[in-house]
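S.K.: Below is a structure I'd like to ask you about.
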Amino acid sequence: MKRQLHLGLFIYPGGHHIAGWRHPTTPASELSALSFYRTQVQLAERGKFDLFFVGDTLFTREKDGRFFGRQATSNLDPVSLCSTLSGVTERIGLVCTLSTTYHEPYAIASKFATMDHVTDGRAGWNVVTTWEDKAALNFNRSTAMEKADRYVRGREFIDACTALWDSWDDAALLRDQATGRFLDPALIRPIDHQGDSFGIRGPLRQPRPVQGWPVLVQAGGSPPGREFAALVAEAIFTAQSQIEEAKEFRASTHARMAKYGRRPDEVAIMPGLSPLLGSTEAEVRRLEEEIGDLVHPEVGIWMLSENLNFPLYDYSPSDRLPVELIRQAKKPTANADTLLGEAERRNLTIDGAARFIARSRAHQNFVGTPEQLADLMQRWLEEGACDGFNVMPPYFPNQLQVFVEQVVPLLQKRGIFRTEYEGTTLRDHLGLARPSAGQFQRMMARAAAAA
Amino acid sequence: MKLTMSVTGHGDHPAAWRASSLARGPGRVPSYKGIARLAEEGGLDALFFLPPAGTPDRLLAGDGDALLLDSMPLIASLIAGTSRLGLGATVYVAHTEPFHTARAFAVMDNLSAGRTAWVLDTEGAGQQEADFAHAGMLDRAARYARAAEYIEVACKLWDSWEDGAVVADKASGVFADSTKIHPINHAGSYFQVRGPLVAVRPIQGHPVIVMRDSSEEGLRLAAARAELFLTDRCDVAARLRDLAAARPRNALSILLNVSALLAPTTEGARDRAARLDAMSDPAAVPDQTPRFVGTPADFVDHLVALLAAGDCDGFNILPAVLPDDAEQIVAEVLPLLRQRGLRPTTATAGTLREHLDLPRPVSVFAAQAA
């Protein structure tokens, strides 16, 4: 059988286009209600998507010290949302972003174990570290942790969490009502983790998750982030807008994984892709203009300033984006770097960059027909640029519906996407093996020995 | 009378797991979807998930009464399958951050159309400090001071988005009125939190705040902040009433915990109790909650008598074994209570606050602006 695509639905309030909430078809006053999320996740499940993905931010986006009221927002608590949506879905995976910077390993391990149980094995964890000073202000700090420190803590965090998920042997739960043996105490062990950041006794107080561990996802493109992904990630939600860069990223990821004894088929690399779809070229152009016109003048500049961590309010829209100045002012994040690369490549003005970023931040944008999109996705898959895509509709539900009803059937017809779910867990959909107890610790030891 | 149900593991009795036919998922943990449906059919006000009596060391000894799921994702998974039932999750405040707790409840309260309750765990019931050894442990007085500040921060975060902040005006391009969204700028002894919350205001303003710590410090905290208090004992209820005298009477409801072990005949109930008691591990943590063993009709009389004694506003029922005792409560006990006019005869829509007759908090920021 040909290699198959994996598809994720990346939810975002109002849509990934900054003006998506203003589209006539968007139910903008319902963005905190169950009805909105139920519609999107059920559409995705109808489309046989592998997973539904929720990002996270730990601070609100502001202008002049107040919430910037021209952006859509909704309620952000990924585990609560995903656990709720497990009640209106049967098969689709549910991936939550949570930061290792502002949580406790025991609490996270317990939360995901329960989530995996109540979803019958559909949980995934997008492991992030938090770099913004603004987030720190909500957690008793005045500045963020240094990047290197964040990933060191992150590694120890995963070490502790996997140990906790492994603290019950799969066979520990006996539930022998006749003899009164609830569990076999010999098959449950405290973890007695003693590290630089954490001291945790354990064990967990619930049986091993259905999937062994939730699926571990990673999304940071910085060098320590990529190294972290090589060690930990079973799926990578990356931002690659050019096919050659994407191929390079995938190849180098595989190479990095080798030193941990991990094989390429143990990771699904899924770049973001934000498609604006129309049935004809003319309709597509009309839709593009329509959504572009909805970008309020204040919004694009604000978005750029925020994303690049560089205030552009004094610039004129027709000025060239000052890429060099921005790079010098503060070392850009991986996502910002992608945007800056794009700006250099196309010699973008402030206005041009703003329109670009209004669409989907640093992820790949696509404008065209379903047929053209299927061509692109197939090409990326077959040339080894990715293992799938995280689909980022510019507005909901309309554009998601077009994707599910018109693009998915094309992918299926071409034999590169499932027509039915075969398995029941997120691991099944992504073709990932169930981890054995102690797997992470063995990998770390192997890497240390090789070094 | 106000009426809630609490569940832990397979039921309140330490040997409940040995008699329980509760459905299980592929990971073989109990599934509570059926219990939630049952509680809603029975018109109960809310279902609370509480920590077990069994400690972590008891778990290592093989005790089934020490199982503990994280009740936040658990109640979230019950939201879509219910529409009137309140849902309460326990949060251990000692090693969590108010920002995370506040946003989780804001999300669940919106998704559930206003049906969430926050059960505070100030005692670390069922948790062990050894799972957070790196964080260190505060002394007793400091723990309660921190808990008080935790509640204050969470409430300010829930207030940080005023009601009606979201305008979703497509024409003008204004999604939210930024003058109604406030940083909280909290700088206290235990927490420094700028805010605002990353979530719009809960439908209920705040989730209903539930406490159950009957130590002196716990009662003082409850007197100031609880909206529902769960207690095993009438004398504790009386003490709390005294401490809370300065608050409006309807701002705090006290529910007596009663464990229910029922059968169609008194003899049958006693047999069940005897069999369950015989199956209990002698080393198990003894249960403190008063236990009623008998018929549904006698149980109703028992509740009525307790209510008449005047110290409580209703009951938090702990079914001895799930689903058996929950089924009998819904099928036999509730109809009798309805006949006697003690529970509503028709299901009503509305938030948990409305069902419990609790006032809806005004945002402190709205009050300031006014």
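By convention in this document, the chains of the structure tokens carry letters A, B, ... by their order, each chain's residues are numbered from 1, and ligands are numbered from 1 in the order they are shown.
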Please return as a PDB file with C-alpha atoms, in the first residue's frame: the residues of stretch 394-448 of chain A that backbone DSSP assigns to alpha helix (DSSP H).

M.R.:
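Printed below is out19.pdb as written:
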ATOM      1  CA  ASN A 398     -17.346  26.822   6.157  1.00  0.00           C
ATOM      2  CA  GLN A 399     -13.755  26.231   4.984  1.00  0.00           C
ATOM      3  CA  LEU A 400     -13.436  23.052   7.061  1.00  0.00           C
ATOM      4  CA  GLN A 401     -16.577  21.763   5.427  1.00  0.00           C
ATOM      5  CA  VAL A 402     -15.161  22.395   1.944  1.00  0.00           C
ATOM      6  CA  VAL A 408     -10.703  14.374   1.526  1.00  0.00           C
ATOM      7  CA  PRO A 409     -12.553  12.368  -1.177  1.00  0.00           C
ATOM      8  CA  LEU A 410      -9.809  13.285  -3.677  1.00  0.00           C
ATOM      9  CA  LEU A 411      -7.100  12.089  -1.279  1.00  0.00           C
ATOM     10  CA  GLN A 412      -9.042   8.904  -0.689  1.00  0.00           C
ATOM     11  CA  LYS A 413      -9.510   8.307  -4.403  1.00  0.00           C
ATOM     12  CA  LEU A 426      -4.658   7.763  18.369  1.00  0.00           C
ATOM     13  CA  ARG A 427      -1.606   5.490  18.228  1.00  0.00           C
ATOM     14  CA  ASP A 428      -3.493   3.241  15.838  1.00  0.00           C
ATOM     15  CA  HIS A 429      -4.325   6.154  13.520  1.00  0.00           C
ATOM     16  CA  LEU A 430      -0.737   7.430  13.515  1.00  0.00           C
ATOM     17  CA  GLN A 439      11.333   2.847  27.145  1.00  0.00           C
ATOM     18  CA  PHE A 440      12.173   6.508  27.658  1.00  0.00           C
ATOM     19  CA  GLN A 441      14.763   5.839  30.328  1.00  0.00           C
ATOM     20  CA  ARG A 442      16.467   3.209  28.147  1.00  0.00           C
ATOM     21  CA  MET A 443      16.625   5.687  25.275  1.00  0.00           C
ATOM     22  CA  MET A 444      18.199   8.336  27.485  1.00  0.00           C
ATOM     23  CA  ALA A 445      20.748   5.818  28.722  1.00  0.00           C
ATOM     24  CA  ARG A 446      21.584   4.747  25.177  1.00  0.00           C
ATOM     25  CA  ALA A 447      22.129   8.356  24.152  1.00  0.00           C
ATOM     26  CA  ALA A 448      24.299   9.048  27.174  1.00  0.00           C
TER      27      ALA A 448
END

S.K.: Write out as a list in words each polymer residue whose atoms come within 12 Å of B:Thr179, counting only C-alpha atoms; drop sequence neighbours fewer than 6 positions from it.

M.R.: Gly65, Arg66, Phe67, Phe68 and Gly69 of chain A; Ser160, Trp161, Glu162, Asp163, Gly164, Ala165, Val166, Val167, Phe365, Ala366 and Ala369 of chain B

S.K.: Hey, what's within 10 Å of stretch 95-103 of chain B if we count only C-alpha atoms and toss same-chain stuff fewer than 4 positions away? As a VMD selection string, please?

M.R.: (chain A and resid 58 to 59 75 to 78 80 102 to 104 106 to 107 138 to 140) or (chain B and resid 72 91 107 to 109 118 124 129 131 to 132 135 to 137 147 149 to 158 191 193 to 202 206 to 207)

S.K.: What is the atom CA of A:Ser318 to atom CA of A:Thr349 distance in Å?

M.R.: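 Answer for the atom CA of A:Ser318 to atom CA of A:Thr349 separation: 5.5 Å.
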
S.K.: If you count only C-alpha atoms, which residues fall within 10 Å of A:Pro297, apart from same-chain ones fewer than 3 positions away, as a compact mmCIF listing (two decimals) with C-alpha atoms, in the first residue's frame?

M.R.:
# COMPACT_ATOMS: atom_id res chain seq x y z
CA ASP A 293 -10.85 43.04 2.99
CA LEU A 294 -11.97 41.98 6.46
CA GLY A 300 -2.15 43.40 10.63
CA ILE A 301 0.45 45.74 12.15
CA TRP A 302 -0.48 44.62 15.64
CA PRO A 317 2.64 50.24 5.76
CA ASP A 351 1.62 45.84 4.71
CA ALA A 354 0.92 41.92 7.68
CA ARG A 355 -1.37 40.45 5.03

S.K.: Show me, as an MDAnalysis selection string, the residues that have an atom within 12 Å of B:Pro282 when counting only C-alpha atoms, minus same-chain residues fewer than 5 positions from it.

M.R.: chainID B and resid 14:15 58 63 277 287

S.K.: Which of these residues is nearest to chain B, using only C-alpha atoms: A:Arg346, A:Arg201, A:His16, A:Arg38?

M.R.: A:Arg201
